[in-house]
$ cat protein32.cif   # mmCIF, C-alpha atoms
data_input
#
loop_
_atom_site.group_PDB
_atom_site.id
_atom_site.type_symbol
_atom_site.label_atom_id
_atom_site.label_comp_id
_atom_site.auth_asym_id
_atom_site.auth_seq_id
_atom_site.Cartn_x
_atom_site.Cartn_y
_atom_site.Cartn_z
ATOM 1 C CA MET G 814 0.000 0.000 0.000
ATOM 2 C CA LYS G 815 0.936 3.669 -0.171
ATOM 3 C CA ALA G 816 1.393 5.644 3.029
ATOM 4 C CA SER G 817 2.874 8.858 4.349
ATOM 5 C CA VAL G 818 5.909 7.620 6.268
ATOM 6 C CA ILE G 819 8.456 9.211 8.591
ATOM 7 C CA HIS G 820 11.977 7.807 9.045
ATOM 8 C CA GLU G 821 13.152 10.397 11.574
ATOM 9 C CA TYR G 822 11.911 13.240 13.752
ATOM 10 C CA GLY G 823 11.739 16.651 12.142
ATOM 11 C CA GLY G 824 9.604 19.222 10.370
ATOM 12 C CA PRO G 825 6.829 18.573 7.845
ATOM 13 C CA GLU G 826 9.421 17.674 5.225
ATOM 14 C CA VAL G 827 10.146 14.308 6.921
ATOM 15 C CA LEU G 828 6.750 13.014 5.731
ATOM 16 C CA ARG G 829 7.377 10.905 2.614
ATOM 17 C CA TYR G 830 4.759 9.327 0.386
ATOM 18 C CA GLU G 831 6.021 5.820 -0.385
ATOM 19 C CA ASP G 832 5.313 2.097 -0.398
ATOM 20 C CA TYR G 833 4.736 0.586 3.023
ATOM 21 C CA PRO G 834 3.821 -2.971 4.114
ATOM 22 C CA ASP G 835 0.108 -3.756 4.257
ATOM 23 C CA PRO G 836 -1.248 -4.254 7.795
ATOM 24 C CA VAL G 837 -1.274 -7.839 9.044
ATOM 25 C CA LEU G 838 -4.774 -8.506 10.308
ATOM 26 C CA GLN G 839 -4.956 -9.975 13.820
ATOM 27 C CA PRO G 840 -7.919 -11.804 15.401
ATOM 28 C CA GLY G 841 -10.629 -9.330 16.370
ATOM 29 C CA GLU G 842 -9.424 -6.705 13.904
ATOM 30 C CA VAL G 843 -11.013 -5.194 10.817
ATOM 31 C CA LEU G 844 -9.117 -4.091 7.728
ATOM 32 C CA VAL G 845 -10.344 -0.674 6.607
ATOM 33 C CA ARG G 846 -9.621 0.921 3.234
ATOM 34 C CA LEU G 847 -9.431 4.589 4.066
ATOM 35 C CA ALA G 848 -11.647 7.262 2.604
ATOM 36 C CA ALA G 849 -9.755 9.847 4.665
ATOM 37 C CA ALA G 850 -7.556 10.442 7.678
ATOM 38 C CA SER G 851 -7.521 13.726 9.562
ATOM 39 C CA VAL G 852 -4.593 15.801 10.750
ATOM 40 C CA ASN G 853 -4.435 16.565 14.485
ATOM 41 C CA PRO G 854 -1.999 18.652 16.532
ATOM 42 C CA VAL G 855 -0.750 15.460 18.209
ATOM 43 C CA ASP G 856 0.453 14.276 14.773
ATOM 44 C CA ALA G 857 2.788 17.255 14.549
ATOM 45 C CA LEU G 858 3.984 16.669 18.113
ATOM 46 C CA GLU G 859 4.778 13.043 17.292
ATOM 47 C CA ARG G 860 6.487 13.984 14.017
ATOM 48 C CA SER G 861 8.722 16.544 15.711
ATOM 49 C CA GLY G 862 9.656 14.279 18.625
ATOM 50 C CA GLN G 863 7.880 16.288 21.319
ATOM 51 C CA THR G 864 5.989 13.196 22.517
ATOM 52 C CA LYS G 865 8.946 10.802 22.552
ATOM 53 C CA ASP G 866 9.087 10.718 26.364
ATOM 54 C CA TRP G 867 5.623 9.130 26.524
ATOM 55 C CA ARG G 868 4.955 7.920 22.972
ATOM 56 C CA ARG G 869 8.158 7.063 21.167
ATOM 57 C CA VAL G 870 7.917 6.522 17.412
ATOM 58 C CA GLN G 871 9.402 3.293 16.040
ATOM 59 C CA PHE G 872 10.884 4.218 12.668
ATOM 60 C CA PRO G 873 9.824 3.884 9.946
ATOM 61 C CA SER G 874 6.342 4.801 11.075
ATOM 62 C CA VAL G 875 2.979 6.014 9.861
ATOM 63 C CA LEU G 876 1.306 8.816 11.825
ATOM 64 C CA GLY G 877 -2.406 9.487 12.238
ATOM 65 C CA TRP G 878 -5.114 9.043 14.903
ATOM 66 C CA ASP G 879 -8.359 9.324 12.887
ATOM 67 C CA LEU G 880 -9.912 7.492 9.975
ATOM 68 C CA SER G 881 -13.042 6.894 7.990
ATOM 69 C CA GLY G 882 -13.382 4.264 5.305
ATOM 70 C CA ILE G 883 -14.893 1.016 4.107
ATOM 71 C CA VAL G 884 -14.487 -2.418 5.669
ATOM 72 C CA GLU G 885 -12.409 -4.559 3.315
ATOM 73 C CA LYS G 886 -11.689 -7.663 5.401
ATOM 74 C CA LEU G 887 -12.725 -9.154 8.733
ATOM 75 C CA GLY G 888 -10.369 -10.858 11.149
ATOM 76 C CA THR G 889 -11.362 -14.025 12.950
ATOM 77 C CA GLY G 890 -13.909 -13.526 15.698
ATOM 78 C CA VAL G 891 -15.256 -10.208 14.425
ATOM 79 C CA GLU G 892 -19.005 -9.741 14.741
ATOM 80 C CA GLY G 893 -21.290 -6.834 13.975
ATOM 81 C CA PHE G 894 -19.506 -5.690 10.799
ATOM 82 C CA SER G 895 -19.677 -6.761 7.182
ATOM 83 C CA ILE G 896 -17.440 -6.169 4.187
ATOM 84 C CA GLY G 897 -18.517 -2.897 2.613
ATOM 85 C CA ASP G 898 -19.635 -1.203 5.833
ATOM 86 C CA GLN G 899 -18.771 2.484 6.132
ATOM 87 C CA VAL G 900 -16.951 3.093 9.405
ATOM 88 C CA LEU G 901 -14.932 5.613 11.391
ATOM 89 C CA ALA G 902 -12.619 5.308 14.385
ATOM 90 C CA TRP G 903 -9.968 6.813 16.589
ATOM 91 C CA ALA G 904 -7.246 4.446 15.439
ATOM 92 C CA TYR G 905 -3.478 4.639 14.863
ATOM 93 C CA HIS G 906 -1.176 4.734 11.827
ATOM 94 C CA THR G 907 -3.949 6.133 9.657
ATOM 95 C CA TYR G 908 -1.933 8.131 7.076
ATOM 96 C CA ALA G 909 -2.235 5.181 4.711
ATOM 97 C CA GLU G 910 -4.473 3.452 2.216
ATOM 98 C CA LEU G 911 -5.209 0.607 4.648
ATOM 99 C CA CYS G 912 -5.444 0.329 8.419
ATOM 100 C CA ALA G 913 -6.117 -2.582 10.785
ATOM 101 C CA VAL G 914 -8.441 -1.535 13.612
ATOM 102 C CA LYS G 915 -9.787 -3.419 16.618
ATOM 103 C CA ALA G 916 -13.454 -4.056 15.869
ATOM 104 C CA GLY G 917 -14.489 -2.705 19.254
ATOM 105 C CA LEU G 918 -13.145 0.729 18.354
ATOM 106 C CA LEU G 919 -15.119 1.093 15.124
ATOM 107 C CA ALA G 920 -18.424 2.889 14.720
ATOM 108 C CA LYS G 921 -20.609 2.806 11.635
ATOM 109 C CA VAL G 922 -21.042 6.012 9.648
ATOM 110 C CA PRO G 923 -24.782 6.761 9.710
ATOM 111 C CA LYS G 924 -26.699 7.545 6.543
ATOM 112 C CA GLY G 925 -26.652 11.238 5.787
ATOM 113 C CA LEU G 926 -23.113 11.761 7.066
ATOM 114 C CA ASN G 927 -20.403 12.267 4.433
ATOM 115 C CA LEU G 928 -17.916 9.385 4.633
ATOM 116 C CA VAL G 929 -14.835 11.506 3.907
ATOM 117 C CA ASP G 930 -15.791 14.276 6.326
ATOM 118 C CA ALA G 931 -16.472 11.687 9.043
ATOM 119 C CA ALA G 932 -12.694 11.295 9.431
ATOM 120 C CA ALA G 933 -12.607 14.697 11.138
ATOM 121 C CA LEU G 934 -14.700 13.528 14.068
ATOM 122 C CA PRO G 935 -13.287 10.755 16.272
ATOM 123 C CA LEU G 936 -10.400 12.229 18.266
ATOM 124 C CA VAL G 937 -11.687 15.787 18.676
ATOM 125 C CA THR G 938 -15.309 14.985 19.467
ATOM 126 C CA MET G 939 -14.436 12.330 22.036
ATOM 127 C CA THR G 940 -11.830 14.599 23.622
ATOM 128 C CA GLY G 941 -14.215 17.554 23.880
ATOM 129 C CA SER G 942 -17.124 15.586 25.266
ATOM 130 C CA GLN G 943 -14.972 13.669 27.761
ATOM 131 C CA LEU G 944 -13.475 16.986 28.901
ATOM 132 C CA ILE G 945 -17.002 17.870 30.038
ATOM 133 C CA TYR G 946 -18.388 14.550 31.286
ATOM 134 C CA VAL G 947 -15.284 12.888 32.701
ATOM 135 C CA ALA G 948 -12.739 15.574 33.585
ATOM 136 C CA GLY G 949 -15.103 18.446 34.368
ATOM 137 C CA GLU G 950 -17.818 16.294 35.960
ATOM 138 C CA VAL G 951 -20.271 18.908 34.730
ATOM 139 C CA LYS G 952 -23.742 18.824 36.263
ATOM 140 C CA PRO G 953 -27.011 20.336 35.013
ATOM 141 C CA GLY G 954 -27.335 23.987 35.980
ATOM 142 C CA GLN G 955 -23.619 24.596 36.465
ATOM 143 C CA THR G 956 -21.833 27.386 34.625
ATOM 144 C CA VAL G 957 -19.016 26.235 32.324
ATOM 145 C CA LEU G 958 -16.482 28.332 30.452
ATOM 146 C CA VAL G 959 -14.950 26.570 27.431
ATOM 147 C CA SER G 960 -11.698 28.144 26.269
ATOM 148 C CA GLY G 961 -10.632 27.770 22.658
ATOM 149 C CA ALA G 962 -14.284 27.220 21.769
ATOM 150 C CA ALA G 963 -13.683 27.991 18.084
ATOM 151 C CA GLY G 964 -11.507 24.887 17.757
ATOM 152 C CA SER G 965 -12.774 21.386 17.097
ATOM 153 C CA VAL G 966 -12.235 20.131 20.659
ATOM 154 C CA GLY G 967 -13.732 23.341 22.054
ATOM 155 C CA ARG G 968 -16.829 23.098 19.854
ATOM 156 C CA SER G 969 -17.335 19.527 21.004
ATOM 157 C CA ALA G 970 -17.024 20.621 24.629
ATOM 158 C CA VAL G 971 -19.584 23.399 24.133
ATOM 159 C CA PHE G 972 -22.046 20.907 22.664
ATOM 160 C CA ALA G 973 -21.502 18.375 25.448
ATOM 161 C CA ALA G 974 -21.873 20.984 28.195
ATOM 162 C CA LYS G 975 -25.130 22.306 26.722
ATOM 163 C CA ASP G 976 -26.350 18.753 26.246
ATOM 164 C CA ARG G 977 -25.666 18.138 29.926
ATOM 165 C CA GLY G 978 -27.826 21.170 30.836
ATOM 166 C CA ALA G 979 -25.086 23.606 31.791
ATOM 167 C CA VAL G 980 -24.949 27.345 31.192
ATOM 168 C CA VAL G 981 -22.075 27.700 28.713
ATOM 169 C CA LEU G 982 -19.694 30.560 28.021
ATOM 170 C CA ALA G 983 -17.688 30.033 24.832
ATOM 171 C CA GLY G 984 -14.278 31.673 25.078
ATOM 172 C CA VAL G 985 -12.763 32.724 21.746
ATOM 173 C CA LEU G 986 -10.496 35.421 20.319
ATOM 174 C CA LYS G 987 -11.898 38.856 19.561
ATOM 175 C CA LYS G 988 -11.308 38.342 15.837
ATOM 176 C CA GLN G 989 -13.427 35.168 15.967
ATOM 177 C CA LEU G 990 -16.527 36.684 17.591
ATOM 178 C CA ASP G 991 -18.538 37.313 14.438
ATOM 179 C CA GLY G 992 -18.234 33.737 13.233
ATOM 180 C CA MET G 993 -19.121 32.067 16.525
ATOM 181 C CA LYS G 994 -22.792 32.972 16.914
ATOM 182 C CA ASN G 995 -23.941 29.471 15.964
ATOM 183 C CA LEU G 996 -21.824 27.565 18.477
ATOM 184 C CA GLY G 997 -24.840 26.913 20.683
ATOM 185 C CA ALA G 998 -23.349 28.583 23.761
ATOM 186 C CA ASP G 999 -25.335 30.905 26.013
ATOM 187 C CA ARG G 1000 -22.683 33.592 25.581
ATOM 188 C CA VAL G 1001 -19.587 34.035 23.433
ATOM 189 C CA VAL G 1002 -16.797 36.045 25.045
ATOM 190 C CA ALA G 1003 -13.451 37.356 23.777
ATOM 191 C CA LEU G 1004 -10.801 36.070 26.166
ATOM 192 C CA ASP G 1005 -8.151 38.367 24.651
ATOM 193 C CA ASP G 1006 -10.177 41.506 25.428
ATOM 194 C CA PRO G 1007 -8.907 42.744 28.833
ATOM 195 C CA ALA G 1008 -12.145 44.529 29.747
ATOM 196 C CA THR G 1009 -14.304 41.535 28.839
ATOM 197 C CA PHE G 1010 -12.014 39.175 30.734
ATOM 198 C CA ALA G 1011 -12.017 41.355 33.828
ATOM 199 C CA ASP G 1012 -15.824 41.375 33.861
ATOM 200 C CA LEU G 1013 -16.177 37.600 33.607
ATOM 201 C CA GLU G 1014 -17.959 36.104 36.581
ATOM 202 C CA LYS G 1015 -16.476 33.069 38.279
ATOM 203 C CA VAL G 1016 -17.701 29.711 36.974
ATOM 204 C CA ASP G 1017 -18.119 26.204 38.310
ATOM 205 C CA VAL G 1018 -15.933 24.610 35.634
ATOM 206 C CA VAL G 1019 -13.371 25.833 33.129
ATOM 207 C CA ALA G 1020 -13.001 23.358 30.257
ATOM 208 C CA ASN G 1021 -9.650 24.432 28.913
ATOM 209 C CA THR G 1022 -8.144 23.710 25.489
ATOM 210 C CA VAL G 1023 -5.502 26.493 25.340
ATOM 211 C CA ARG G 1024 -2.012 26.992 26.724
ATOM 212 C CA GLY G 1025 0.120 29.728 28.247
ATOM 213 C CA LYS G 1026 -1.013 32.940 29.898
ATOM 214 C CA THR G 1027 -4.672 32.549 28.958
ATOM 215 C CA ALA G 1028 -4.850 29.224 30.770
ATOM 216 C CA GLU G 1029 -3.037 30.720 33.757
ATOM 217 C CA ASP G 1030 -5.498 33.622 33.897
ATOM 218 C CA LEU G 1031 -8.527 31.363 33.505
ATOM 219 C CA ILE G 1032 -7.819 29.292 36.592
ATOM 220 C CA GLY G 1033 -8.528 32.462 38.550
ATOM 221 C CA LYS G 1034 -12.053 32.469 37.116
ATOM 222 C CA VAL G 1035 -13.027 29.188 38.815
ATOM 223 C CA LYS G 1036 -15.169 29.296 41.961
ATOM 224 C CA GLU G 1037 -13.822 27.884 45.201
ATOM 225 C CA GLY G 1038 -14.351 24.130 45.027
ATOM 226 C CA GLY G 1039 -14.705 24.247 41.245
ATOM 227 C CA ILE G 1040 -12.785 22.374 38.566
ATOM 228 C CA PHE G 1041 -10.213 23.505 36.034
ATOM 229 C CA ALA G 1042 -10.253 20.651 33.503
ATOM 230 C CA SER G 1043 -7.614 20.900 30.804
ATOM 231 C CA VAL G 1044 -6.491 18.908 27.767
ATOM 232 C CA THR G 1045 -3.241 20.914 27.642
ATOM 233 C CA GLY G 1046 -1.990 20.020 31.090
ATOM 234 C CA ALA G 1047 -2.129 21.992 34.315
ATOM 235 C CA PRO G 1048 -1.307 25.701 34.023
ATOM 236 C CA ALA G 1049 2.049 26.756 35.470
ATOM 237 C CA ASN G 1050 0.383 28.615 38.354
ATOM 238 C CA ALA G 1051 -2.007 25.823 39.386
ATOM 239 C CA THR G 1052 -0.400 25.368 42.815
ATOM 240 C CA GLY G 1053 -1.359 28.955 43.600
ATOM 241 C CA TYR G 1054 -5.047 27.972 43.512
ATOM 242 C CA PRO G 1055 -5.421 25.176 46.078
ATOM 243 C CA GLN G 1056 -9.171 25.887 46.283
ATOM 244 C CA VAL G 1057 -9.563 24.776 42.653
ATOM 245 C CA ARG G 1058 -9.309 21.139 41.584
ATOM 246 C CA THR G 1059 -7.072 20.954 38.524
ATOM 247 C CA VAL G 1060 -7.574 17.969 36.215
ATOM 248 C CA ALA G 1061 -4.956 17.455 33.499
ATOM 249 C CA PHE G 1062 -6.988 15.233 31.236
ATOM 250 C CA VAL G 1063 -6.114 12.734 28.503
ATOM 251 C CA SER G 1064 -9.072 11.364 26.541
ATOM 252 C CA LYS G 1065 -9.601 7.692 25.782
ATOM 253 C CA GLN G 1066 -11.106 5.641 22.971
ATOM 254 C CA ASP G 1067 -14.778 5.006 23.708
ATOM 255 C CA THR G 1068 -17.036 3.729 20.941
ATOM 256 C CA LYS G 1069 -20.288 4.626 22.718
ATOM 257 C CA ASN G 1070 -18.973 8.150 23.167
ATOM 258 C CA LEU G 1071 -18.051 8.272 19.470
ATOM 259 C CA GLU G 1072 -21.509 7.111 18.410
ATOM 260 C CA TYR G 1073 -23.068 9.809 20.603
ATOM 261 C CA THR G 1074 -21.016 12.626 19.089
ATOM 262 C CA VAL G 1075 -21.400 11.335 15.520
ATOM 263 C CA GLU G 1076 -25.171 11.380 15.935
ATOM 264 C CA ALA G 1077 -24.939 14.971 17.177
ATOM 265 C CA VAL G 1078 -23.074 15.880 13.994
ATOM 266 C CA ARG G 1079 -25.557 14.008 11.820
ATOM 267 C CA VAL G 1080 -28.540 15.904 13.211
ATOM 268 C CA GLY G 1081 -26.771 19.264 13.120
ATOM 269 C CA LYS G 1082 -26.295 19.833 16.852
ATOM 270 C CA LEU G 1083 -22.503 19.858 16.439
ATOM 271 C CA THR G 1084 -20.435 21.089 13.518
ATOM 272 C CA ILE G 1085 -16.721 20.412 12.997
ATOM 273 C CA PRO G 1086 -15.547 22.691 10.168
ATOM 274 C CA ILE G 1087 -13.360 21.214 7.444
ATOM 275 C CA GLY G 1088 -10.406 23.432 6.571
ATOM 276 C CA GLY G 1089 -9.195 21.469 3.571
ATOM 277 C CA ARG G 1090 -9.034 18.153 1.769
ATOM 278 C CA VAL G 1091 -5.518 17.259 0.667
ATOM 279 C CA PRO G 1092 -4.135 14.208 -1.175
ATOM 280 C CA LEU G 1093 -2.261 11.878 1.172
ATOM 281 C CA ARG G 1094 0.858 12.341 -0.945
ATOM 282 C CA ASN G 1095 0.822 15.988 0.185
ATOM 283 C CA ALA G 1096 0.742 15.277 3.918
ATOM 284 C CA ALA G 1097 3.823 17.471 4.408
ATOM 285 C CA GLU G 1098 1.877 20.445 3.037
ATOM 286 C CA ALA G 1099 -1.003 19.649 5.380
ATOM 287 C CA HIS G 1100 1.359 19.642 8.362
ATOM 288 C CA ALA G 1101 2.836 22.956 7.279
ATOM 289 C CA ALA G 1102 -0.684 24.409 7.134
ATOM 290 C CA LEU G 1103 -1.422 23.002 10.592
ATOM 291 C CA VAL G 1104 1.657 24.699 12.030
ATOM 292 C CA LYS G 1105 0.537 28.016 10.503
ATOM 293 C CA GLY G 1106 -2.860 27.649 12.158
ATOM 294 C CA SER G 1107 -5.256 26.310 9.553
ATOM 295 C CA ALA G 1108 -8.904 27.075 10.315
ATOM 296 C CA GLY G 1109 -10.823 23.816 10.444
ATOM 297 C CA LYS G 1110 -9.762 20.195 10.214
ATOM 298 C CA ILE G 1111 -7.478 19.127 7.368
ATOM 299 C CA LEU G 1112 -8.314 15.778 5.810
ATOM 300 C CA LEU G 1113 -5.874 13.519 3.954
ATOM 301 C CA LEU G 1114 -7.375 11.550 1.063
ATOM 302 C CA PRO G 1115 -5.498 8.408 -0.101
#
$ encode --input "protein32.cif" --output "structure tokens"
Amino acid sequence: MKASVIHEYGGPEVLRYEDYPDPVLQPGEVLVRLAAASVNPVDALERSGQTKDWRRVQFPSVLGWDLSGIVEKLGTGVEGFSIGDQVLAWAYHTYAELCAVKAGLLAKVPKGLNLVDAAALPLVTMTGSQLIYVAGEVKPGQTVLVSGAAGSVGRSAVFAAKDRGAVVLAGVLKKQLDGMKNLGADRVVALDDPATFADLEKVDVVANTVRGKTAEDLIGKVKEGGIFASVTGAPANATGYPQVRTVAFVSKQDTKNLEYTVEAVRVGKLTIPIGGRVPLRNAAEAHAALVKGSAGKILLLP
């Protein structure tokens, strides 16, 4: 098969489109022919070596954490899927034409949802919703501030918090305000506007998806006994707020969770914008666009 392969850590240029061995299907796995993979920030971290202390790459390697595609072959013991099914999953090594995935991690793409665009959903929607339900322990009636709400994880967190019955403040940049009226939040606030930030009331939960000074400032907006739940780690000043419970959260694969968020997308309750569709052979260009801050998810099409 063809794949986008890295042989060393480095910049986008280390991604090479070349022949790579087909996956060897194990019992309980499904062979998926990809319609698309999506590009996530963690892909760039892996490529550059920034995750090697906790997720070391074995070279040569294929990156990628998301896929959508069509079932091509079933491993022994697999039930519930048939050849030809349209599926999506948070999987690994997805920058390729083929991927072997544990059957328990796959969800079927419902009718009415574009198969290619479905690749944008698994990692970000599960991360955003788990940030609310698991890390933030959000309860109906609580007030939640989601930082980075214009991003894919942030949008998913806004949806999940509203679905839980919370009052939701969507934190974005001032330049993003005009385009964020359809997020579904109760209010949209510019976190980079000093006057707006100063006027923000304290909240029960901050669901944080940003880094640096903004995250450090936001922990001060959590009520005593509240939760600062973050997918970017604890802010540097967290020890200065002992009255706030800080949860540095890492999401997990959860097929039921994926099915829940996919249905929300299908019915229009959640939208994950697509920033571009790029041939897999041009994965290096997609990574360069990611580094520059591409708006919306970038999809790689084999």
$ atom_distance --input "protein32.cif" --atom1 "CA of Ile1087 (chain G)" --atom2 "CA of Leu1031 (chain G)"
28.4 Å
$ resolve_selection --input "protein32.cif" --expression "the PyMOL selection byres ((chain G and resi 1023) around 8)" --output "list in words"
Ser960, Gly961, Asn1021, Thr1022, Arg1024, Gly1025, Thr1027, Ala1028 and Thr1045 of chain G
$ atom_distance --input "protein32.cif" --atom1 "CA of Gly949 (chain G)" --atom2 "CA of Trp903 (chain G)"
21.9 Å
$ residues_around --input "protein32.cif" --residues "His906 (chain G)" --least-positions-apart "5" --cutoff "10 Å" --atoms "all atoms listed in the file" --output "number ranges by chain"
G: 816-818, 836, 850, 874-880, 911-914
$ resolve_selection --input "protein32.cif" --expression "the PyMOL selection byres ((chain G and resi 1068) around 12)" --output "ChimeraX atom specification"
/G:900-904,915-921,935-936,938-939,1065-1067,1069-1075
$ residues_near_point --input "protein32.cif" --point "(-14.6, 16.0, 18.6)" --cutoff "8 Å" --atoms "only C-alpha atoms" --output "PyMOL selection string"
chain G and resi 933-942+965-966+968-970+1074+1085
$ residues_near_point --input "protein32.cif" --point "(-12.8, 26.5, 40.3)" --cutoff "10 Å" --atoms "all atoms listed in the file" --output "PyMOL selection string"
chain G and resi 1015-1019+1031-1042+1054-1059
$ residues_around --input "protein32.cif" --residues "Leu838 (chain G)" --least-positions-apart "5" --cutoff "8 Å" --atoms "only C-alpha atoms" --output "list in words"
Val843, Leu844, Gly888 and Ala913 of chain G
$ atom_distance --input "protein32.cif" --atom1 "CA of Ala848 (chain G)" --atom2 "CA of Lys815 (chain G)"
13.4 Å
$ build_atoms --input "protein32.cif" --residues "region 1054-1068 of chain G" --atoms "N, CA and C atoms" --output "PDB file, keeping the file's coordinate frame"
ATOM      1  N   TYR G1054      -3.586  28.011  43.364  1.00  0.00           N
ATOM      2  CA  TYR G1054      -5.047  27.972  43.512  1.00  0.00           C
ATOM      3  C   TYR G1054      -5.469  26.650  44.155  1.00  0.00           C
ATOM      4  N   PRO G1055      -5.097  26.455  45.420  1.00  0.00           N
ATOM      5  CA  PRO G1055      -5.421  25.176  46.078  1.00  0.00           C
ATOM      6  C   PRO G1055      -6.921  24.949  46.243  1.00  0.00           C
ATOM      7  N   GLN G1056      -7.715  26.016  46.136  1.00  0.00           N
ATOM      8  CA  GLN G1056      -9.171  25.887  46.283  1.00  0.00           C
ATOM      9  C   GLN G1056      -9.841  25.381  45.009  1.00  0.00           C
ATOM     10  N   VAL G1057      -9.059  25.255  43.938  1.00  0.00           N
ATOM     11  CA  VAL G1057      -9.563  24.776  42.653  1.00  0.00           C
ATOM     12  C   VAL G1057      -8.976  23.400  42.369  1.00  0.00           C
ATOM     13  N   ARG G1058      -9.819  22.461  41.964  1.00  0.00           N
ATOM     14  CA  ARG G1058      -9.309  21.139  41.584  1.00  0.00           C
ATOM     15  C   ARG G1058      -8.885  21.177  40.127  1.00  0.00           C
ATOM     16  N   THR G1059      -7.610  20.949  39.880  1.00  0.00           N
ATOM     17  CA  THR G1059      -7.072  20.954  38.524  1.00  0.00           C
ATOM     18  C   THR G1059      -6.995  19.522  38.008  1.00  0.00           C
ATOM     19  N   VAL G1060      -7.571  19.300  36.826  1.00  0.00           N
ATOM     20  CA  VAL G1060      -7.574  17.969  36.215  1.00  0.00           C
ATOM     21  C   VAL G1060      -6.884  18.078  34.853  1.00  0.00           C
ATOM     22  N   ALA G1061      -5.659  17.541  34.781  1.00  0.00           N
ATOM     23  CA  ALA G1061      -4.956  17.455  33.499  1.00  0.00           C
ATOM     24  C   ALA G1061      -5.431  16.184  32.820  1.00  0.00           C
ATOM     25  N   PHE G1062      -6.211  16.339  31.767  1.00  0.00           N
ATOM     26  CA  PHE G1062      -6.988  15.233  31.236  1.00  0.00           C
ATOM     27  C   PHE G1062      -6.446  14.713  29.907  1.00  0.00           C
ATOM     28  N   VAL G1063      -6.448  13.391  29.765  1.00  0.00           N
ATOM     29  CA  VAL G1063      -6.114  12.734  28.503  1.00  0.00           C
ATOM     30  C   VAL G1063      -7.304  11.860  28.118  1.00  0.00           C
ATOM     31  N   SER G1064      -7.877  12.101  26.960  1.00  0.00           N
ATOM     32  CA  SER G1064      -9.072  11.364  26.541  1.00  0.00           C
ATOM     33  C   SER G1064      -8.727   9.924  26.165  1.00  0.00           C
ATOM     34  N   LYS G1065      -9.772   9.110  26.087  1.00  0.00           N
ATOM     35  CA  LYS G1065      -9.601   7.692  25.782  1.00  0.00           C
ATOM     36  C   LYS G1065     -10.578   7.262  24.695  1.00  0.00           C
ATOM     37  N   GLN G1066     -10.213   6.206  23.977  1.00  0.00           N
ATOM     38  CA  GLN G1066     -11.106   5.641  22.971  1.00  0.00           C
ATOM     39  C   GLN G1066     -12.349   5.079  23.659  1.00  0.00           C
ATOM     40  N   ASP G1067     -13.512   5.423  23.120  1.00  0.00           N
ATOM     41  CA  ASP G1067     -14.778   5.006  23.708  1.00  0.00           C
ATOM     42  C   ASP G1067     -15.809   4.994  22.589  1.00  0.00           C
ATOM     43  N   THR G1068     -16.163   3.830  22.110  1.00  0.00           N
ATOM     44  CA  THR G1068     -17.036   3.729  20.941  1.00  0.00           C
ATOM     45  C   THR G1068     -18.422   4.289  21.213  1.00  0.00           C
TER      46      THR G1068
END
